[in-house]
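Participant: Before I ask anything, let me first share the structure, which is written out below as structure tokens.
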Amino acid sequence: MTTSGDDLSTLRTMRDVFDYCQRKGLYSVAQGMIELPPPRALREIVAADVLKDEAPSSDIHQYRSRMGERDYLNALRTLLKDHYATDVPEGSILATSGVTGAIVAALMVLRKQGKSRMAVIEPYYTYHSRQVEEVFQKLPEGIPSHLDWSPDFDAIEKALKGGVEGIIIANPNNPTGRVWAKEELQKLVALTKQYGASLILDEIYCDMVFAGNKHYSPIQDSLEEHVFVCRGYSKTLGAQSWRLGYAVSHPETIKSLMTHHDPIYISLAQYLNKQYSDYVKHINEINALLQTNYEILAPAFKDALGWEPIAPQGSMYGMFKHTEASDIEALQKGLRAGVGVAPGSMFYVDNRANSGYIRIHVGISTEKAKKIAETLRANKQ
């Protein structure tokens with residue numbers, strides 16, 4: 001495998017690396033995609049509803065309720081109570097166009113409130129930066145973590161004292177796969193409230209938590225007006241192009257959020273209501289698959305490239321510590337071995353030349369994971 005003559009400095013996002021690998025006929029584990037179809041029961045329900053000519057199913061092609069369809073919202077309330085031990089009142093959920101729709105709407109609410117200084121806790125999901133830039137026309141500020149990626153509350157409080165008005169985090173984290181502890185999140189909620197700042201939680205990976213770890217969300221304790229919890233089904237159900245999500249917050253916050261968002265609805269309610277056991281079974285199968293794939297890929301990357309794996313606690317990602325002179329050189333080394341990865345520099349606001357890390361995703365079939373491992377070892381650097 002060779003990348004000689006190619007300008008890899010232009011590969012600034014996961015999509016850039018993915019597109020490059022497609023052109024070159026290489027494997028890519030850079031962009032986080034679940035390369036598996038949604039559960040068959042869900043596809044059958046949607047297909048049947050879409051094909052019906054009579055009401056009420058025919059109505060799904062028309063504009064929907066701004067808050068979300070009542071059966072969808074009721075299904076979500078039931079799911080929250082039964083699966084997440086979270087009992088929320090009516091009016092505290094908004095159907096959204098995926099997690100992205102929820103986050104962008106939340107940022108627009110903050111802009112309407114006169115806030116403009118947003119921050120991310122590094123390393124962070126790159127598209128959070130893009131979303132902030134689109135709404136506020138400037139990048140968020142970066143708040144560093146400790147070397148083990150645990151939150152640096154001194155740095156967080158310094159940023160809040162310095163005027164940061166909103167913080168976005170992903171839990172479990174993308175790219176590190178770290179799961180925030182309950183006590184850490186409770187402290188973050190209290191600090192942001194103390195300084196009059198808002199907190200946006202991207203919980204797209206809340207069901208992707210590996211053995212020995214537990215996901216906690218502040219909504220399990222109370223609904224705070226300054227906290228936006230954003231969830232969706234792109235990853236757990238493999239329905240990435242469907243744009244299915246929801247936001248949970250205090251009812252007053254949800255009212256404001258709704259005015260900035262017009263939700264999209266597809267027939268997920270029947271699946272959540274009638275196929276609950278199938279949903280839980282699917283989540284368990286996905287988590288088992290992700291852990292199996294990581295166990296296949298982690299030693300292959302170490303053997304072939306000398307990168308040290310850092311075991312994730314959740315999500316669908318794995319980070320590796322590399323010893324190359326820069327992240328781009330690490331990317332190039334991976335490409336020479338036949339596999340595209342995400343340079344760690346993508347997950348820092350300053351886009352530093354050498355974070356010392358690369359990230360992979362493991363949301364693929366086990367067969368593909370084995371082929372990637374074989375390719376790496378066949379092209380050992």
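Chain labels follow the order of the structure tokens: the first chain is A, the next B, and so on; residue numbering restarts at 1 in every chain, and ligands are counted from 1 in their shown order.
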Please build the interface table for segment 18-131 of chain A against segment 277-289 of chain A with a cut-off of 12 Å, listing for each qualifying residue the nearest atom pair and the distance in Å to one decimal; count only C-alpha atoms, order rows by chain and increasing number, and write it as CSV.
Facilitator:
```
residue,atom,partner,partner_atom,distance
A:Ile34,CA,A:Ile286,CA,9.4
A:Glu35,CA,A:Ile286,CA,11.2
A:Leu36,CA,A:Ile286,CA,9.4
A:Pro37,CA,A:Ile286,CA,11.2
A:Pro38,CA,A:His282,CA,9.2
A:Pro39,CA,A:His282,CA,7.2
A:Arg40,CA,A:Asp278,CA,9.8
A:Ala41,CA,A:Asp278,CA,8.1
A:Leu42,CA,A:Tyr279,CA,9.2
A:Leu79,CA,A:Tyr279,CA,10.2
A:Asp82,CA,A:Val280,CA,10.9
A:His83,CA,A:Val280,CA,8.4
A:Tyr84,CA,A:Val280,CA,11.3
```
Participant: Take the residues just selected and output them with N, CA, C and O atoms as a PDB file, in the first residue's frame.
Facilitator:
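This is the output file selection.pdb:
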```
ATOM      1  N   ILE A  34     -22.378   2.835  11.932  1.00  0.00           N
ATOM      2  CA  ILE A  34     -22.783   1.449  12.167  1.00  0.00           C
ATOM      3  C   ILE A  34     -23.091   0.844  10.799  1.00  0.00           C
ATOM      4  O   ILE A  34     -24.070   1.212  10.157  1.00  0.00           O
ATOM      5  N   GLU A  35     -22.241  -0.039  10.349  1.00  0.00           N
ATOM      6  CA  GLU A  35     -22.389  -0.615   9.014  1.00  0.00           C
ATOM      7  C   GLU A  35     -23.269  -1.867   9.061  1.00  0.00           C
ATOM      8  O   GLU A  35     -22.932  -2.911   8.502  1.00  0.00           O
ATOM      9  N   LEU A  36     -24.382  -1.734   9.773  1.00  0.00           N
ATOM     10  CA  LEU A  36     -25.322  -2.843   9.947  1.00  0.00           C
ATOM     11  C   LEU A  36     -26.730  -2.300   9.763  1.00  0.00           C
ATOM     12  O   LEU A  36     -27.002  -1.142  10.099  1.00  0.00           O
ATOM     13  N   PRO A  37     -27.663  -3.102   9.252  1.00  0.00           N
ATOM     14  CA  PRO A  37     -29.025  -2.606   9.013  1.00  0.00           C
ATOM     15  C   PRO A  37     -29.817  -2.477  10.313  1.00  0.00           C
ATOM     16  O   PRO A  37     -29.489  -3.124  11.311  1.00  0.00           O
ATOM     17  N   PRO A  38     -30.877  -1.651  10.314  1.00  0.00           N
ATOM     18  CA  PRO A  38     -31.774  -1.594  11.479  1.00  0.00           C
ATOM     19  C   PRO A  38     -32.428  -2.956  11.704  1.00  0.00           C
ATOM     20  O   PRO A  38     -32.486  -3.798  10.792  1.00  0.00           O
ATOM     21  N   PRO A  39     -32.938  -3.217  12.903  1.00  0.00           N
ATOM     22  CA  PRO A  39     -33.615  -4.495  13.177  1.00  0.00           C
ATOM     23  C   PRO A  39     -34.727  -4.748  12.161  1.00  0.00           C
ATOM     24  O   PRO A  39     -35.439  -3.827  11.753  1.00  0.00           O
ATOM     25  N   ARG A  40     -34.888  -5.987  11.773  1.00  0.00           N
ATOM     26  CA  ARG A  40     -35.873  -6.324  10.750  1.00  0.00           C
ATOM     27  C   ARG A  40     -37.289  -5.927  11.177  1.00  0.00           C
ATOM     28  O   ARG A  40     -38.078  -5.444  10.361  1.00  0.00           O
ATOM     29  N   ALA A  41     -37.623  -6.126  12.455  1.00  0.00           N
ATOM     30  CA  ALA A  41     -38.969  -5.779  12.932  1.00  0.00           C
ATOM     31  C   ALA A  41     -39.258  -4.307  12.697  1.00  0.00           C
ATOM     32  O   ALA A  41     -40.370  -3.932  12.300  1.00  0.00           O
ATOM     33  N   LEU A  42     -38.278  -3.463  12.919  1.00  0.00           N
ATOM     34  CA  LEU A  42     -38.466  -2.021  12.705  1.00  0.00           C
ATOM     35  C   LEU A  42     -38.667  -1.716  11.225  1.00  0.00           C
ATOM     36  O   LEU A  42     -39.563  -0.955  10.850  1.00  0.00           O
ATOM     37  N   LEU A  79     -40.265   4.101  27.508  1.00  0.00           N
ATOM     38  CA  LEU A  79     -38.904   3.577  27.374  1.00  0.00           C
ATOM     39  C   LEU A  79     -37.993   4.182  28.441  1.00  0.00           C
ATOM     40  O   LEU A  79     -37.194   3.467  29.064  1.00  0.00           O
ATOM     41  N   ASP A  82     -38.998   2.474  31.816  1.00  0.00           N
ATOM     42  CA  ASP A  82     -38.747   1.033  31.929  1.00  0.00           C
ATOM     43  C   ASP A  82     -37.285   0.655  31.704  1.00  0.00           C
ATOM     44  O   ASP A  82     -36.770  -0.259  32.362  1.00  0.00           O
ATOM     45  N   HIS A  83     -36.637   1.339  30.771  1.00  0.00           N
ATOM     46  CA  HIS A  83     -35.276   0.932  30.393  1.00  0.00           C
ATOM     47  C   HIS A  83     -34.193   1.771  31.060  1.00  0.00           C
ATOM     48  O   HIS A  83     -33.106   1.267  31.348  1.00  0.00           O
ATOM     49  N   TYR A  84     -34.486   3.051  31.290  1.00  0.00           N
ATOM     50  CA  TYR A  84     -33.472   3.953  31.837  1.00  0.00           C
ATOM     51  C   TYR A  84     -33.766   4.403  33.270  1.00  0.00           C
ATOM     52  O   TYR A  84     -33.047   5.249  33.796  1.00  0.00           O
TER      53      TYR A  84
END
```
Participant: Quick one: residues within 12 Å of Asp19 of chain A, only C-alpha atoms counted, chain neighbours fewer than 3 positions away excluded, as a ChimeraX atom specification?
Facilitator: /A:10-16,22-31,340-341
Participant: Which residues in segment 5-150 of chain A does DSSP call helix (DSSP H, G or I)? List them as a PyMOL selection string.
Facilitator: chain A and resi 8-10+14-24+40-51+57-61+70-84+98-112+126-136
Participant: How would the residues just chosen look if you wrote them out with C-alpha atoms as a PDB file, in the first residue's frame?
Facilitator:
```pdb
ATOM      1  CA  LEU A   8      -2.691  14.106   3.332  1.00  0.00           C
ATOM      2  CA  SER A   9      -2.815  17.497   5.065  1.00  0.00           C
ATOM      3  CA  THR A  10      -6.134  18.046   3.257  1.00  0.00           C
ATOM      4  CA  MET A  14     -13.388  11.737   9.218  1.00  0.00           C
ATOM      5  CA  ARG A  15     -15.387  12.096   6.007  1.00  0.00           C
ATOM      6  CA  ASP A  16     -12.248  13.273   4.192  1.00  0.00           C
ATOM      7  CA  VAL A  17     -10.407  10.120   5.267  1.00  0.00           C
ATOM      8  CA  PHE A  18     -13.406   7.937   4.371  1.00  0.00           C
ATOM      9  CA  ASP A  19     -13.673   9.472   0.888  1.00  0.00           C
ATOM     10  CA  TYR A  20      -9.919   9.116   0.349  1.00  0.00           C
ATOM     11  CA  CYS A  21     -10.049   5.428   1.299  1.00  0.00           C
ATOM     12  CA  GLN A  22     -12.971   4.847  -1.054  1.00  0.00           C
ATOM     13  CA  ARG A  23     -11.004   6.375  -3.945  1.00  0.00           C
ATOM     14  CA  LYS A  24      -7.951   4.274  -3.110  1.00  0.00           C
ATOM     15  CA  ARG A  40     -35.873  -6.324  10.750  1.00  0.00           C
ATOM     16  CA  ALA A  41     -38.969  -5.779  12.932  1.00  0.00           C
ATOM     17  CA  LEU A  42     -38.466  -2.021  12.705  1.00  0.00           C
ATOM     18  CA  ARG A  43     -37.992  -2.083   8.920  1.00  0.00           C
ATOM     19  CA  GLU A  44     -41.138  -4.183   8.496  1.00  0.00           C
ATOM     20  CA  ILE A  45     -43.225  -1.776  10.604  1.00  0.00           C
ATOM     21  CA  VAL A  46     -41.980   1.262   8.690  1.00  0.00           C
ATOM     22  CA  ALA A  47     -42.407  -0.392   5.293  1.00  0.00           C
ATOM     23  CA  ALA A  48     -45.995  -1.393   6.093  1.00  0.00           C
ATOM     24  CA  ASP A  49     -46.915   2.087   7.310  1.00  0.00           C
ATOM     25  CA  VAL A  50     -45.291   3.867   4.377  1.00  0.00           C
ATOM     26  CA  LEU A  51     -47.182   1.703   1.856  1.00  0.00           C
ATOM     27  CA  SER A  57     -50.834   5.764   8.217  1.00  0.00           C
ATOM     28  CA  SER A  58     -51.071   7.858   5.037  1.00  0.00           C
ATOM     29  CA  ASP A  59     -50.699  10.970   7.194  1.00  0.00           C
ATOM     30  CA  ILE A  60     -47.041  10.212   7.924  1.00  0.00           C
ATOM     31  CA  HIS A  61     -46.119  11.847   4.612  1.00  0.00           C
ATOM     32  CA  ARG A  70     -48.174  11.739  20.744  1.00  0.00           C
ATOM     33  CA  ASP A  71     -47.656   7.980  20.345  1.00  0.00           C
ATOM     34  CA  TYR A  72     -43.927   8.549  19.755  1.00  0.00           C
ATOM     35  CA  LEU A  73     -43.631  10.787  22.824  1.00  0.00           C
ATOM     36  CA  ASN A  74     -45.602   8.317  24.947  1.00  0.00           C
ATOM     37  CA  ALA A  75     -43.403   5.473  23.702  1.00  0.00           C
ATOM     38  CA  LEU A  76     -40.319   7.468  24.671  1.00  0.00           C
ATOM     39  CA  ARG A  77     -41.694   8.204  28.157  1.00  0.00           C
ATOM     40  CA  THR A  78     -42.364   4.500  28.644  1.00  0.00           C
ATOM     41  CA  LEU A  79     -38.904   3.577  27.374  1.00  0.00           C
ATOM     42  CA  LEU A  80     -37.271   6.141  29.659  1.00  0.00           C
ATOM     43  CA  LYS A  81     -39.122   4.751  32.670  1.00  0.00           C
ATOM     44  CA  ASP A  82     -38.747   1.033  31.929  1.00  0.00           C
ATOM     45  CA  HIS A  83     -35.276   0.932  30.393  1.00  0.00           C
ATOM     46  CA  TYR A  84     -33.472   3.953  31.837  1.00  0.00           C
ATOM     47  CA  GLY A  98     -31.594  13.205  15.232  1.00  0.00           C
ATOM     48  CA  VAL A  99     -29.145  14.334  17.902  1.00  0.00           C
ATOM     49  CA  THR A 100     -27.779  16.946  15.518  1.00  0.00           C
ATOM     50  CA  GLY A 101     -31.190  18.592  15.204  1.00  0.00           C
ATOM     51  CA  ALA A 102     -31.515  18.669  18.992  1.00  0.00           C
ATOM     52  CA  ILE A 103     -28.066  20.183  19.528  1.00  0.00           C
ATOM     53  CA  VAL A 104     -28.424  22.833  16.835  1.00  0.00           C
ATOM     54  CA  ALA A 105     -31.846  23.816  18.202  1.00  0.00           C
ATOM     55  CA  ALA A 106     -30.345  24.037  21.705  1.00  0.00           C
ATOM     56  CA  LEU A 107     -27.565  26.291  20.438  1.00  0.00           C
ATOM     57  CA  MET A 108     -30.148  28.498  18.741  1.00  0.00           C
ATOM     58  CA  VAL A 109     -32.018  28.769  22.056  1.00  0.00           C
ATOM     59  CA  LEU A 110     -28.794  29.928  23.705  1.00  0.00           C
ATOM     60  CA  ARG A 111     -28.173  32.448  20.947  1.00  0.00           C
ATOM     61  CA  LYS A 112     -31.707  33.767  21.450  1.00  0.00           C
ATOM     62  CA  THR A 126     -15.573  17.269  15.823  1.00  0.00           C
ATOM     63  CA  TYR A 127     -19.088  18.074  14.640  1.00  0.00           C
ATOM     64  CA  HIS A 128     -19.886  19.812  17.927  1.00  0.00           C
ATOM     65  CA  SER A 129     -17.383  22.419  16.813  1.00  0.00           C
ATOM     66  CA  ARG A 130     -19.016  22.634  13.395  1.00  0.00           C
ATOM     67  CA  GLN A 131     -22.448  23.069  14.958  1.00  0.00           C
ATOM     68  CA  VAL A 132     -21.245  25.888  17.219  1.00  0.00           C
ATOM     69  CA  GLU A 133     -19.562  27.592  14.289  1.00  0.00           C
ATOM     70  CA  GLU A 134     -22.706  27.405  12.161  1.00  0.00           C
ATOM     71  CA  VAL A 135     -24.868  28.994  14.875  1.00  0.00           C
ATOM     72  CA  PHE A 136     -22.450  31.548  16.345  1.00  0.00           C
TER      73      PHE A 136
END
```
Participant: Using DSSP on the backbone coordinates, identify all residues within segment 59-116 of chain A classified as strand (DSSP E); present the result as number ranges by chain.
Facilitator: A: 93-97
Participant: Can those selected residues be exported to a file as a PDB file, in the first residue's frame so that it contains C-alpha atoms?
Facilitator:
```pdb
ATOM      1  CA  ILE A  93     -39.612  15.519  25.570  1.00  0.00           C
ATOM      2  CA  LEU A  94     -39.247  16.951  22.080  1.00  0.00           C
ATOM      3  CA  ALA A  95     -39.000  14.748  18.980  1.00  0.00           C
ATOM      4  CA  THR A  96     -36.002  15.911  16.974  1.00  0.00           C
ATOM      5  CA  SER A  97     -34.273  15.384  13.679  1.00  0.00           C
TER       6      SER A  97
END
```
Participant: Compare A:Thr86, A:His261, A:Tyr246, A:Gly314 by their minimum atom-to-atom distance to Ser217 of chain A, counting only C-alpha atoms, and give me the closest one.
Facilitator: A:Thr86
Participant: Just want the 12 Å neighbourhood of Glu184 of chain A, counted on only C-alpha atoms, with same-chain residues fewer than 2 positions away dropped. Output as a short mmCIF file (atom, residue, chain, number, x, y, z; two decimals) with N, CA and C atoms, in the first residue's frame.
Facilitator:
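Saved the output as result38.cif:
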```
data_model
loop_
_atom_site.label_atom_id
_atom_site.label_comp_id
_atom_site.auth_asym_id
_atom_site.auth_seq_id
_atom_site.Cartn_x
_atom_site.Cartn_y
_atom_site.Cartn_z
N SER A 150 -10.08 12.14 32.25
CA SER A 150 -11.07 12.50 33.26
C SER A 150 -11.21 14.02 33.28
N PRO A 151 -12.38 14.55 33.69
CA PRO A 151 -12.59 15.99 33.63
C PRO A 151 -11.69 16.76 34.59
N ASP A 152 -11.13 17.85 34.11
CA ASP A 152 -10.30 18.75 34.92
C ASP A 152 -11.21 19.87 35.42
N PHE A 153 -11.75 19.70 36.62
CA PHE A 153 -12.74 20.66 37.10
C PHE A 153 -12.14 22.02 37.41
N ILE A 156 -12.38 23.57 34.06
CA ILE A 156 -13.79 23.84 33.74
C ILE A 156 -14.27 25.08 34.48
N ASN A 171 -21.42 11.79 26.14
CA ASN A 171 -21.27 10.76 27.16
C ASN A 171 -22.08 9.53 26.78
N VAL A 179 -16.64 6.87 29.81
CA VAL A 179 -17.97 7.11 30.36
C VAL A 179 -17.84 7.99 31.60
N TRP A 180 -18.58 9.10 31.61
CA TRP A 180 -18.54 10.00 32.76
C TRP A 180 -19.15 9.31 33.99
N ALA A 181 -18.50 9.47 35.14
CA ALA A 181 -19.04 8.94 36.39
C ALA A 181 -20.21 9.81 36.85
N LYS A 182 -21.11 9.22 37.61
CA LYS A 182 -22.27 9.94 38.12
C LYS A 182 -21.85 11.19 38.89
N GLN A 186 -22.79 15.12 38.02
CA GLN A 186 -23.52 15.92 39.01
C GLN A 186 -22.75 17.20 39.33
N LYS A 187 -21.44 17.10 39.42
CA LYS A 187 -20.62 18.28 39.69
C LYS A 187 -20.66 19.24 38.51
N LEU A 188 -20.63 18.71 37.29
CA LEU A 188 -20.68 19.57 36.10
C LEU A 188 -22.02 20.29 36.00
N VAL A 189 -23.10 19.59 36.29
CA VAL A 189 -24.43 20.21 36.28
C VAL A 189 -24.47 21.35 37.31
N ALA A 190 -23.95 21.10 38.51
CA ALA A 190 -23.96 22.11 39.57
C ALA A 190 -23.10 23.32 39.21
N LEU A 191 -21.93 23.07 38.63
CA LEU A 191 -21.03 24.17 38.27
C LEU A 191 -21.62 25.06 37.18
N HIS A 215 -23.92 3.90 32.48
CA HIS A 215 -24.20 5.27 32.01
C HIS A 215 -25.17 5.95 32.97
N TYR A 216 -24.85 7.19 33.29
CA TYR A 216 -25.72 8.01 34.13
C TYR A 216 -26.05 9.28 33.36
N SER A 217 -27.30 9.72 33.49
CA SER A 217 -27.73 10.99 32.91
C SER A 217 -28.37 11.85 34.01
N PRO A 218 -28.12 13.15 34.00
CA PRO A 218 -28.71 14.03 35.02
C PRO A 218 -30.23 13.98 35.07
#
```
